[in-house]
file final14.pdb (PDB, C-alpha atoms and all ligand atoms)
ATOM      1  CA  MET A 627       0.000   0.000   0.000  1.00  0.00           C
ATOM      2  CA  ARG A 628       2.886   2.335   0.792  1.00  0.00           C
ATOM      3  CA  VAL A 629       4.057   2.011  -2.825  1.00  0.00           C
ATOM      4  CA  GLN A 630       0.583   2.884  -4.103  1.00  0.00           C
ATOM      5  CA  ILE A 631       0.467   5.964  -1.903  1.00  0.00           C
ATOM      6  CA  ASP A 632       3.938   7.013  -3.041  1.00  0.00           C
ATOM      7  CA  LEU A 633       2.779   6.680  -6.648  1.00  0.00           C
ATOM      8  CA  LEU A 634      -0.330   8.720  -5.859  1.00  0.00           C
ATOM      9  CA  VAL A 635       1.832  11.473  -4.375  1.00  0.00           C
ATOM     10  CA  LYS A 636       4.007  11.318  -7.479  1.00  0.00           C
ATOM     11  CA  LEU A 637       0.922  11.560  -9.688  1.00  0.00           C
ATOM     12  CA  GLN A 638      -0.209  14.591  -7.744  1.00  0.00           C
ATOM     13  CA  HIS A 639       3.215  16.251  -8.123  1.00  0.00           C
ATOM     14  CA  ILE A 640       3.025  15.661 -11.863  1.00  0.00           C
ATOM     15  CA  GLU A 641      -0.449  17.184 -12.013  1.00  0.00           C
ATOM     16  CA  ILE A 642       0.623  20.233  -9.993  1.00  0.00           C
ATOM     17  CA  GLU A 643       3.554  20.757 -12.335  1.00  0.00           C
ATOM     18  CA  MET A 644       1.288  20.330 -15.372  1.00  0.00           C
ATOM     19  CA  ARG A 645      -1.106  22.922 -13.962  1.00  0.00           C
ATOM     20  CA  ARG A 646       1.767  25.302 -13.391  1.00  0.00           C
ATOM     21  CA  LEU A 647       3.018  24.807 -16.953  1.00  0.00           C
ATOM     22  CA  ARG A 648      -0.456  25.286 -18.446  1.00  0.00           C
ATOM     23  CA  SER A 649      -0.970  28.527 -16.568  1.00  0.00           C
ATOM     24  CA  ASP A 650       2.528  29.640 -17.566  1.00  0.00           C
ATOM     25  CA  LEU A 651       1.742  28.815 -21.204  1.00  0.00           C
ATOM     26  CA  GLU A 652      -1.432  30.885 -21.056  1.00  0.00           C
ATOM     27  CA  THR A 653       0.472  33.866 -19.638  1.00  0.00           C
ATOM     28  CA  LYS A 654       3.155  33.551 -22.311  1.00  0.00           C
ATOM     29  CA  SER A 655       0.653  33.245 -25.165  1.00  0.00           C
ATOM     30  CA  THR A 656      -1.062  36.408 -23.959  1.00  0.00           C
ATOM     31  CA  LYS A 657       2.332  38.107 -23.727  1.00  0.00           C
ATOM     32  CA  PHE A 658       3.130  37.006 -27.277  1.00  0.00           C
ATOM     33  CA  ASP A 659      -0.139  38.456 -28.600  1.00  0.00           C
ATOM     34  CA  ASN A 660       0.399  41.678 -26.648  1.00  0.00           C
ATOM     35  CA  LEU A 661       3.791  42.122 -28.285  1.00  0.00           C
ATOM     36  CA  ASP A 662       2.129  42.160 -31.704  1.00  0.00           C
ATOM     37  CA  ALA A 663      -0.483  44.602 -30.420  1.00  0.00           C
ATOM     38  CA  GLU A 664       2.304  46.881 -29.183  1.00  0.00           C
ATOM     39  CA  ILE A 665       3.763  47.104 -32.700  1.00  0.00           C
ATOM     40  CA  VAL A 666       0.361  47.793 -34.254  1.00  0.00           C
ATOM     41  CA  ALA A 667      -0.386  50.523 -31.697  1.00  0.00           C
ATOM     42  CA  TYR A 668       2.960  52.228 -32.295  1.00  0.00           C
ATOM     43  CA  GLU A 669       2.555  52.019 -36.043  1.00  0.00           C
ATOM     44  CA  HIS A 670      -0.829  53.672 -35.648  1.00  0.00           C
ATOM     45  CA  THR A 671       0.515  56.691 -33.711  1.00  0.00           C
ATOM     46  CA  LEU A 672       3.383  57.005 -36.190  1.00  0.00           C
ATOM     47  CA  SER A 673       0.963  57.043 -39.103  1.00  0.00           C
ATOM     48  CA  GLN A 674      -1.121  59.713 -37.319  1.00  0.00           C
ATOM     49  CA  GLU A 675       1.980  61.920 -36.963  1.00  0.00           C
ATOM     50  CA  GLU A 676       2.827  61.362 -40.640  1.00  0.00           C
ATOM     51  CA  THR A 677      -0.701  62.321 -41.695  1.00  0.00           C
ATOM     52  CA  LEU A 678      -0.455  65.508 -39.617  1.00  0.00           C
ATOM     53  CA  LEU A 679       2.881  66.386 -41.244  1.00  0.00           C
ATOM     54  CA  GLU A 680       1.459  65.819 -44.731  1.00  0.00           C
ATOM     55  CA  ALA A 681      -1.543  68.025 -43.917  1.00  0.00           C
ATOM     56  CA  LEU A 682       0.760  70.834 -42.752  1.00  0.00           C
ATOM     57  CA  LYS A 683       2.868  70.583 -45.915  1.00  0.00           C
ATOM     58  CA  LYS A 684      -0.265  70.720 -48.024  1.00  0.00           C
ATOM     59  CA  LYS A 685      -1.449  73.790 -46.112  1.00  0.00           C
ATOM     60  CA  TYR A 686       1.917  75.451 -46.727  1.00  0.00           C
ATOM     61  CA  ARG A 687       1.683  74.823 -50.483  1.00  0.00           C
ATOM     62  CA  GLU A 688      -1.764  76.433 -50.466  1.00  0.00           C
ATOM     63  CA  TYR A 689      -0.334  79.484 -48.674  1.00  0.00           C
ATOM     64  CA  GLU A 690       2.389  79.668 -51.339  1.00  0.00           C
ATOM     65  CA  ARG A 691      -0.185  79.642 -54.147  1.00  0.00           C
ATOM     66  CA  ASP A 692      -2.250  82.318 -52.381  1.00  0.00           C
ATOM     67  CA  ALA A 693       0.857  84.464 -51.849  1.00  0.00           C
ATOM     68  CA  HIS A 694       1.676  84.177 -55.529  1.00  0.00           C
ATOM     69  CA  VAL A 695      -1.859  85.289 -56.476  1.00  0.00           C
ATOM     70  CA  VAL A 696      -1.736  88.293 -54.107  1.00  0.00           C
ATOM     71  CA  SER A 697       1.676  89.339 -55.386  1.00  0.00           C
ATOM     72  CA  GLU A 698       0.369  89.221 -58.981  1.00  0.00           C
ATOM     73  CA  GLN A 699      -2.646  91.307 -57.922  1.00  0.00           C
ATOM     74  CA  ILE A 700      -0.319  93.886 -56.365  1.00  0.00           C
ATOM     75  CA  GLN A 701       1.737  94.081 -59.590  1.00  0.00           C
ATOM     76  CA  LYS A 702      -1.421  94.535 -61.682  1.00  0.00           C
ATOM     77  CA  SER A 703      -2.650  97.293 -59.368  1.00  0.00           C
ATOM     78  CA  GLN A 704       0.707  99.039 -59.607  1.00  0.00           C
ATOM     79  CA  VAL A 705       0.483  98.966 -63.408  1.00  0.00           C
ATOM     80  CA  LYS A 706      -3.043 100.396 -63.159  1.00  0.00           C
ATOM     81  CA  LEU A 707      -1.755 103.088 -60.802  1.00  0.00           C
ATOM     82  CA  SER A 708       0.682 104.393 -63.369  1.00  0.00           C
ATOM     83  CA  ALA A 709      -2.135 104.813 -65.875  1.00  0.00           C
ATOM     84  CA  VAL A 710      -4.841 106.561 -63.805  1.00  0.00           C
ATOM     85  CA  LYS A 711      -6.288 109.907 -64.836  1.00  0.00           C
ATOM     86  CA  THR A 712      -8.056 111.216 -61.725  1.00  0.00           C
ATOM     87  CA  ASN A 713      -6.952 111.692 -58.152  1.00  0.00           C
ATOM     88  CA  LYS A 714     -10.000 109.813 -56.904  1.00  0.00           C
ATOM     89  CA  GLU A 715      -9.076 106.801 -59.014  1.00  0.00           C
ATOM     90  CA  TYR A 716      -5.475 107.096 -57.788  1.00  0.00           C
ATOM     91  CA  GLN A 717      -6.559 107.095 -54.130  1.00  0.00           C
ATOM     92  CA  SER A 718      -8.834 104.122 -54.749  1.00  0.00           C
ATOM     93  CA  ILE A 719      -6.069 101.985 -56.321  1.00  0.00           C
ATOM     94  CA  LEU A 720      -3.629 103.055 -53.621  1.00  0.00           C
ATOM     95  CA  LYS A 721      -6.103 101.787 -51.007  1.00  0.00           C
ATOM     96  CA  GLU A 722      -6.463  98.573 -53.013  1.00  0.00           C
ATOM     97  CA  ILE A 723      -2.668  98.056 -52.993  1.00  0.00           C
ATOM     98  CA  GLU A 724      -2.536  98.827 -49.274  1.00  0.00           C
ATOM     99  CA  ASP A 725      -5.189  96.208 -48.528  1.00  0.00           C
ATOM    100  CA  LEU A 726      -3.414  93.646 -50.702  1.00  0.00           C
ATOM    101  CA  GLU A 727      -0.122  94.330 -48.927  1.00  0.00           C
ATOM    102  CA  THR A 728      -1.785  93.895 -45.526  1.00  0.00           C
ATOM    103  CA  LYS A 729      -3.194  90.602 -46.751  1.00  0.00           C
ATOM    104  CA  SER A 730       0.214  89.570 -48.064  1.00  0.00           C
ATOM    105  CA  SER A 731       1.914  90.377 -44.758  1.00  0.00           C
ATOM    106  CA  GLN A 732      -0.711  88.405 -42.814  1.00  0.00           C
ATOM    107  CA  GLU A 733      -0.134  85.479 -45.119  1.00  0.00           C
ATOM    108  CA  GLU A 734       3.614  85.667 -44.623  1.00  0.00           C
ATOM    109  CA  ASP A 735       3.071  85.412 -40.867  1.00  0.00           C
ATOM    110  CA  ALA A 736       0.798  82.421 -41.342  1.00  0.00           C
ATOM    111  CA  MET A 737       3.397  80.785 -43.605  1.00  0.00           C
ATOM    112  CA  LEU A 738       6.136  81.284 -41.008  1.00  0.00           C
ATOM    113  CA  GLU A 739       3.926  79.798 -38.326  1.00  0.00           C
ATOM    114  CA  CYS A 740       3.102  76.874 -40.596  1.00  0.00           C
ATOM    115  CA  LEU A 741       6.826  76.321 -41.296  1.00  0.00           C
ATOM    116  CA  GLU A 742       7.500  76.139 -37.555  1.00  0.00           C
ATOM    117  CA  GLN A 743       4.716  73.597 -37.147  1.00  0.00           C
ATOM    118  CA  ILE A 744       6.193  71.578 -40.022  1.00  0.00           C
ATOM    119  CA  ASP A 745       9.614  71.594 -38.325  1.00  0.00           C
ATOM    120  CA  VAL A 746       8.111  70.339 -35.056  1.00  0.00           C
ATOM    121  CA  ALA A 747       5.998  67.671 -36.778  1.00  0.00           C
ATOM    122  CA  ASP A 748       8.928  66.615 -38.967  1.00  0.00           C
ATOM    123  CA  ALA A 749      11.212  66.169 -35.948  1.00  0.00           C
ATOM    124  CA  LYS A 750       8.508  64.185 -34.186  1.00  0.00           C
ATOM    125  CA  VAL A 751       7.990  61.861 -37.172  1.00  0.00           C
ATOM    126  CA  LYS A 752      11.747  61.332 -37.553  1.00  0.00           C
ATOM    127  CA  SER A 753      12.206  60.495 -33.882  1.00  0.00           C
ATOM    128  CA  LYS A 754       9.164  58.228 -33.885  1.00  0.00           C
ATOM    129  CA  ARG A 755      10.461  56.412 -36.966  1.00  0.00           C
ATOM    130  CA  THR A 756      13.797  55.824 -35.236  1.00  0.00           C
ATOM    131  CA  ASP A 757      12.042  54.651 -32.073  1.00  0.00           C
ATOM    132  CA  PHE A 758       9.803  52.401 -34.147  1.00  0.00           C
ATOM    133  CA  GLU A 759      12.762  50.642 -35.725  1.00  0.00           C
ATOM    134  CA  GLN A 760      14.220  50.060 -32.256  1.00  0.00           C
ATOM    135  CA  ILE A 761      10.872  48.906 -30.840  1.00  0.00           C
ATOM    136  CA  LYS A 762      10.356  46.525 -33.764  1.00  0.00           C
ATOM    137  CA  ALA A 763      13.820  45.036 -33.225  1.00  0.00           C
ATOM    138  CA  ASP A 764      13.256  44.728 -29.454  1.00  0.00           C
ATOM    139  CA  VAL A 765       9.823  43.180 -29.868  1.00  0.00           C
ATOM    140  CA  GLN A 766      11.148  40.751 -32.479  1.00  0.00           C
ATOM    141  CA  GLN A 767      13.862  39.697 -30.065  1.00  0.00           C
ATOM    142  CA  GLU A 768      11.361  39.339 -27.228  1.00  0.00           C
ATOM    143  CA  LYS A 769       9.007  37.328 -29.423  1.00  0.00           C
ATOM    144  CA  VAL A 770      11.791  34.879 -30.200  1.00  0.00           C
ATOM    145  CA  GLU A 771      12.467  34.508 -26.473  1.00  0.00           C
ATOM    146  CA  VAL A 772       8.796  34.097 -25.540  1.00  0.00           C
ATOM    147  CA  GLN A 773       8.318  31.597 -28.362  1.00  0.00           C
ATOM    148  CA  ARG A 774      11.316  29.627 -27.108  1.00  0.00           C
ATOM    149  CA  ASP A 775       9.796  29.540 -23.598  1.00  0.00           C
ATOM    150  CA  ILE A 776       6.438  28.463 -25.046  1.00  0.00           C
ATOM    151  CA  THR A 777       8.073  25.604 -26.946  1.00  0.00           C
ATOM    152  CA  GLN A 778       9.940  24.588 -23.801  1.00  0.00           C
ATOM    153  CA  ASP A 779       6.694  24.556 -21.779  1.00  0.00           C
ATOM    154  CA  GLN A 780       4.923  22.541 -24.490  1.00  0.00           C
ATOM    155  CA  GLN A 781       7.699  19.974 -24.510  1.00  0.00           C
ATOM    156  CA  GLY A 782       7.661  19.905 -20.709  1.00  0.00           C
ATOM    157  CA  LEU A 783       3.922  19.220 -20.783  1.00  0.00           C
ATOM    158  CA  LYS A 784       4.371  16.359 -23.247  1.00  0.00           C
ATOM    159  CA  THR A 785       7.014  14.763 -21.040  1.00  0.00           C
ATOM    160  CA  LEU A 786       4.808  15.176 -17.966  1.00  0.00           C
ATOM    161  CA  GLN A 787       1.878  13.619 -19.821  1.00  0.00           C
ATOM    162  CA  VAL A 788       3.989  10.543 -20.578  1.00  0.00           C
ATOM    163  CA  ASP A 789       5.129  10.425 -16.930  1.00  0.00           C
ATOM    164  CA  TRP A 790       1.543  10.804 -15.761  1.00  0.00           C
ATOM    165  CA  GLU A 791       0.369   7.885 -17.883  1.00  0.00           C
ATOM    166  CA  SER A 792       3.177   5.601 -16.740  1.00  0.00           C
ATOM    167  CA  VAL A 793       2.526   6.437 -13.064  1.00  0.00           C
ATOM    168  CA  ALA A 794      -1.259   6.224 -13.401  1.00  0.00           C
ATOM    169  CA  GLU A 795      -1.186   2.750 -14.969  1.00  0.00           C
ATOM    170  CA  SER A 796       0.734   1.408 -11.953  1.00  0.00           C
ATOM    171  CA  ILE A 797      -1.946   2.570  -9.509  1.00  0.00           C
ATOM    172  CA  ASP A 798      -4.987   0.490  -8.615  1.00  0.00           C
ATOM    173  CA  PRO A 799      -7.913   1.920 -10.672  1.00  0.00           C
ATOM    174  CA  GLU A 800     -10.077   2.038  -7.565  1.00  0.00           C
ATOM    175  CA  ILE A 801      -7.553   4.266  -5.809  1.00  0.00           C
ATOM    176  CA  ILE A 802      -7.356   6.472  -8.903  1.00  0.00           C
ATOM    177  CA  ASN A 803     -11.151   6.753  -8.792  1.00  0.00           C
ATOM    178  CA  THR A 804     -11.099   7.837  -5.151  1.00  0.00           C
ATOM    179  CA  TYR A 805      -8.324  10.287  -5.963  1.00  0.00           C
ATOM    180  CA  ASN A 806     -10.276  11.798  -8.873  1.00  0.00           C
ATOM    181  CA  THR A 807     -13.503  12.035  -6.859  1.00  0.00           C
ATOM    182  CA  ILE A 808     -11.731  13.939  -4.057  1.00  0.00           C
ATOM    183  CA  LYS A 809      -9.991  16.133  -6.618  1.00  0.00           C
ATOM    184  CA  ASP A 810     -13.346  17.018  -8.190  1.00  0.00           C
ATOM    185  CA  THR A 811     -14.950  17.657  -4.795  1.00  0.00           C
ATOM    186  CA  ILE A 812     -12.293  19.842  -3.211  1.00  0.00           C
ATOM    187  CA  GLY A 813     -11.055  21.219  -6.517  1.00  0.00           C
ATOM    188  CA  GLY A 814      -7.356  20.985  -5.875  1.00  0.00           C
ATOM    189  CA  ILE A 815      -4.870  18.817  -4.068  1.00  0.00           C
ATOM    190  CA  PRO A 816      -6.440  15.459  -3.080  1.00  0.00           C
ATOM    191  CA  VAL A 817      -3.440  13.914  -1.287  1.00  0.00           C
ATOM    192  CA  ALA A 818      -1.929  15.453   1.820  1.00  0.00           C
ATOM    193  CA  ALA A 819       0.984  14.470   4.035  1.00  0.00           C
ATOM    194  CA  VAL A 820       0.504  14.122   7.763  1.00  0.00           C
ATOM    195  CA  SER A 821       3.423  15.398   9.726  1.00  0.00           C
ATOM    196  CA  ASN A 822       3.616  15.448  13.542  1.00  0.00           C
ATOM    197  CA  ALA A 823       0.006  14.189  13.524  1.00  0.00           C
ATOM    198  CA  VAL A 824      -1.151  17.293  11.608  1.00  0.00           C
ATOM    199  CA  CYS A 825      -2.811  17.006   8.183  1.00  0.00           C
ATOM    200  CA  GLN A 826      -0.853  19.324   5.851  1.00  0.00           C
ATOM    201  CA  GLY A 827      -4.000  19.797   3.738  1.00  0.00           C
ATOM    202  CA  CYS A 828      -6.206  21.354   6.423  1.00  0.00           C
ATOM    203  CA  HIS A 829      -3.763  21.784   9.335  1.00  0.00           C
ATOM    204  CA  MET A 830      -5.997  19.866  11.736  1.00  0.00           C
ATOM    205  CA  ASN A 831      -4.871  17.154  14.151  1.00  0.00           C
ATOM    206  CA  ILE A 832      -5.361  13.517  13.185  1.00  0.00           C
ATOM    207  CA  PRO A 833      -6.739  11.298  15.997  1.00  0.00           C
ATOM    208  CA  ALA A 834      -3.964   9.293  17.707  1.00  0.00           C
ATOM    209  CA  GLN A 835      -5.424   5.907  16.724  1.00  0.00           C
ATOM    210  CA  MET A 836      -5.612   6.859  13.066  1.00  0.00           C
ATOM    211  CA  TYR A 837      -2.153   8.363  13.212  1.00  0.00           C
ATOM    212  CA  ASN A 838      -0.754   5.046  14.402  1.00  0.00           C
ATOM    213  CA  GLU A 839      -2.560   3.174  11.629  1.00  0.00           C
ATOM    214  CA  LEU A 840      -1.322   5.701   9.119  1.00  0.00           C
ATOM    215  CA  GLN A 841       2.294   4.929  10.001  1.00  0.00           C
ATOM    216  CA  ARG A 842       1.695   1.271   9.187  1.00  0.00           C
ATOM    217  CA  ALA A 843       0.436   2.329   5.740  1.00  0.00           C
ATOM    218  CA  ASP A 844      -1.608  -0.800   5.162  1.00  0.00           C
ATOM    219  CA  SER A 845      -4.734   0.888   3.842  1.00  0.00           C
ATOM    220  CA  ILE A 846      -5.873   4.115   2.204  1.00  0.00           C
ATOM    221  CA  LYS A 847      -6.860   6.626   4.900  1.00  0.00           C
ATOM    222  CA  LYS A 848      -8.735   9.873   4.577  1.00  0.00           C
ATOM    223  CA  CYS A 849      -8.396  12.932   6.788  1.00  0.00           C
ATOM    224  CA  PRO A 850     -11.545  13.061   8.964  1.00  0.00           C
ATOM    225  CA  HIS A 851     -11.614  16.860   8.581  1.00  0.00           C
ATOM    226  CA  CYS A 852     -10.895  17.594   4.892  1.00  0.00           C
ATOM    227  CA  GLN A 853     -11.448  14.122   3.362  1.00  0.00           C
ATOM    228  CA  ARG A 854      -8.104  14.186   1.559  1.00  0.00           C
ATOM    229  CA  ILE A 855      -6.170  10.943   1.146  1.00  0.00           C
ATOM    230  CA  ILE A 856      -3.463  11.162   3.800  1.00  0.00           C
ATOM    231  CA  TYR A 857      -0.098   9.520   4.208  1.00  0.00           C
ATOM    232  CA  TRP A 858       2.435   9.542   6.961  1.00  0.00           C
ATOM    233  CA  LYS A 859       5.464  11.679   6.525  1.00  0.00           C
ATOM    234  CA  GLN A 860       8.519  11.211   8.758  1.00  0.00           C
ATOM    235  CA  ASP A 861       8.061  13.585  11.684  1.00  0.00           C
ATOM    236  CA  GLU A 862      10.283  16.593  11.574  1.00  0.00           C
ATOM    237  CA  ASN A 863      12.963  16.973  14.280  1.00  0.00           C
ATOM    238  CA  ARG A 864      13.122  13.249  14.705  1.00  0.00           C
ATOM    239  CA  PRO A 865      15.871  10.979  13.465  1.00  0.00           C
ATOM    240  CA  LYS A 866      14.857   8.723  10.588  1.00  0.00           C
TER
HETATM  241 ZN    ZN B 901      -7.114  17.290   6.436  1.00  0.00          ZN
END

call {"tool": "encode", "arguments": {"input": "final14.pdb", "output": "structure tokens"}}
result
Amino acid sequence: MRVQIDLLVKLQHIEIEMRRLRSDLETKSTKFDNLDAEIVAYEHTLSQEETLLEALKKKYREYERDAHVVSEQIQKSQVKLSAVKTNKEYQSILKEIEDLETKSSQEEDAMLECLEQIDVADAKVKSKRTDFEQIKADVQQEKVEVQRDITQDQQGLKTLQVDWESVAESIDPEIINTYNTIKDTIGGIPVAAVSNAVCQGCHMNIPAQMYNELQRADSIKKCPHCQRIIYWKQDENRPK
């Protein structure tokens, strides 16, 4: 019976390790997906900055066209000015030129402001592009590492599965059944050691009579408090 209990404990260790690996795998898969999402998100902000820069450049070209039109209008008005007959007409064209020059000066200011905005946006895009290259390289590197860990976990799980099967087939099916029923009921660890007469599953004392029987290990015993399968573990602080 002692051998059967030892195998059961071994089976439980394998299952705990499998659970740990599965949860680890889940975390790593999520991490892997998040790494892709990080790239996409950065690419998105970069493309927004690029769109903004293009819009500013387009606006600047429009200002340039407008400035050209106004400067042509000023030239035309100056030609007209040299050909006027009356003072009234002269004053009127002079006013026209004045207005056009005011407009032109306002546009020059707007163009300068736009140029400054282009410089800022351009610097931002350049720095973001550089960062993006670095981020892509870093993420690629990290993905390789995460993928390597995932593969390692998957292989570990396969090995554990083989171990599990070989251990399970050496255990009496009835004991396996009991083990599975307890596992389903308490939803976790169905086998607990008893050390110094204390069940390590629920930390309650085992009755003295049962504790003595437990040390003989001639039958499967359950903790009267938590119903786990219990086995005797060499008391601590006592020579073996
Ligand atoms: Zn217990």

call {"tool": "atom_distance", "arguments": {"input": "final14.pdb", "atom1": "atom CA of Leu707 of chain A", "atom2": "atom CA of Tyr689 of chain A"}}
result
26.6 Å

call {"tool": "atom_distance", "arguments": {"input": "final14.pdb", "atom1": "atom CA of Ile776 of chain A", "atom2": "atom CA of Asp650 of chain A"}}
result
8.5 Å

call {"tool": "resolve_selection", "arguments": {"input": "final14.pdb", "expression": "the PyMOL selection byres (((chain A and resi 773) around 12) and not hetatm)", "output": "count of residues only"}}
result
24

call {"tool": "resolve_selection", "arguments": {"input": "final14.pdb", "expression": "the PyMOL selection byres (((chain A and resi 790-799) around 12) and not hetatm)", "output": "PyMOL selection string"}}
result
chain A and resi 627-644+783-789+800-806+846

call {"tool": "closest_residue", "arguments": {"input": "final14.pdb", "among": "A:Ala843, A:Ala747, A:Leu672, A:Cys849", "to": "ligand ZN 901 (chain B)", "atoms": "only C-alpha atoms and all ligand atoms"}}
result
A:Cys849

call {"tool": "residues_near_ligand", "arguments": {"input": "final14.pdb", "ligand": "ligand ZN 901 (chain B)", "cutoff": "9 Å", "atoms": "all atoms listed in the file", "output": "number ranges by chain"}}
result
A: 818-820, 824-832, 848-856

call {"tool": "atom_distance", "arguments": {"input": "final14.pdb", "atom1": "atom CA of Ser730 of chain A", "atom2": "atom CA of Asn713 of chain A"}}
result
25.3 Å

call {"tool": "resolve_selection", "arguments": {"input": "final14.pdb", "expression": "the PyMOL selection byres (((chain A and resi 719) around 10) and not hetatm)", "output": "ChimeraX atom specification"}}
result
/A:700,703-704,706-707,710,713-718,720-725

call {"tool": "closest_residue", "arguments": {"input": "final14.pdb", "among": "A:Lys711, A:Lys750, A:Arg645, A:Lys762", "to": "Leu678 of chain A", "atoms": "all atoms listed in the file"}}
result
A:Lys750

call {"tool": "axis_aligned_box", "arguments": {"input": "final14.pdb", "around": "segment 695-701 of chain A", "padding_each_side": "5 Å", "output": "AutoDock Vina command-line options"}}
result
--center_x -0.5 --center_y 89.7 --center_z -56.8 --size_x 14.4 --size_y 18.8 --size_z 15.5

call {"tool": "residues_around", "arguments": {"input": "final14.pdb", "residues": "Ile761 of chain A", "least_positions_apart": "3", "cutoff": "9 Å", "atoms": "all atoms listed in the file", "output": "list in words"}}
result
Glu664, Ile665, Tyr668, Thr756, Asp757, Phe758, Asp764, Val765 and Gln766 of chain A

call {"tool": "residues_around", "arguments": {"input": "final14.pdb", "residues": "Glu688 of chain A", "least_positions_apart": "5", "cutoff": "12 Å", "atoms": "all atoms listed in the file", "output": "PyMOL selection string"}}
result
chain A and resi 681-683+693-695+733+736-737+740

call {"tool": "closest_residue", "arguments": {"input": "final14.pdb", "among": "A:Thr677, A:Thr728, A:Asn838, A:Gln781", "to": "Ile744 of chain A", "atoms": "all atoms listed in the file"}}
result
A:Thr677

call {"tool": "closest_residue", "arguments": {"input": "final14.pdb", "among": "A:Lys754, A:Arg646, A:Gln860, A:Asp844", "to": "Glu675 of chain A", "atoms": "all atoms listed in the file"}}
result
A:Lys754

call {"tool": "decode", "arguments": {"input": "final14.pdb", "residues": "segment 782-805 of chain A", "atoms": "C-alpha atoms", "output": "PDB file, in the first residue's frame"}}
result
ATOM      1  CA  GLY A 782       7.661  19.905 -20.709  1.00  0.00           C
ATOM      2  CA  LEU A 783       3.922  19.220 -20.783  1.00  0.00           C
ATOM      3  CA  LYS A 784       4.371  16.359 -23.247  1.00  0.00           C
ATOM      4  CA  THR A 785       7.014  14.763 -21.040  1.00  0.00           C
ATOM      5  CA  LEU A 786       4.808  15.176 -17.966  1.00  0.00           C
ATOM      6  CA  GLN A 787       1.878  13.619 -19.821  1.00  0.00           C
ATOM      7  CA  VAL A 788       3.989  10.543 -20.578  1.00  0.00           C
ATOM      8  CA  ASP A 789       5.129  10.425 -16.930  1.00  0.00           C
ATOM      9  CA  TRP A 790       1.543  10.804 -15.761  1.00  0.00           C
ATOM     10  CA  GLU A 791       0.369   7.885 -17.883  1.00  0.00           C
ATOM     11  CA  SER A 792       3.177   5.601 -16.740  1.00  0.00           C
ATOM     12  CA  VAL A 793       2.526   6.437 -13.064  1.00  0.00           C
ATOM     13  CA  ALA A 794      -1.259   6.224 -13.401  1.00  0.00           C
ATOM     14  CA  GLU A 795      -1.186   2.750 -14.969  1.00  0.00           C
ATOM     15  CA  SER A 796       0.734   1.408 -11.953  1.00  0.00           C
ATOM     16  CA  ILE A 797      -1.946   2.570  -9.509  1.00  0.00           C
ATOM     17  CA  ASP A 798      -4.987   0.490  -8.615  1.00  0.00           C
ATOM     18  CA  PRO A 799      -7.913   1.920 -10.672  1.00  0.00           C
ATOM     19  CA  GLU A 800     -10.077   2.038  -7.565  1.00  0.00           C
ATOM     20  CA  ILE A 801      -7.553   4.266  -5.809  1.00  0.00           C
ATOM     21  CA  ILE A 802      -7.356   6.472  -8.903  1.00  0.00           C
ATOM     22  CA  ASN A 803     -11.151   6.753  -8.792  1.00  0.00           C
ATOM     23  CA  THR A 804     -11.099   7.837  -5.151  1.00  0.00           C
ATOM     24  CA  TYR A 805      -8.324  10.287  -5.963  1.00  0.00           C
TER      25      TYR A 805
END
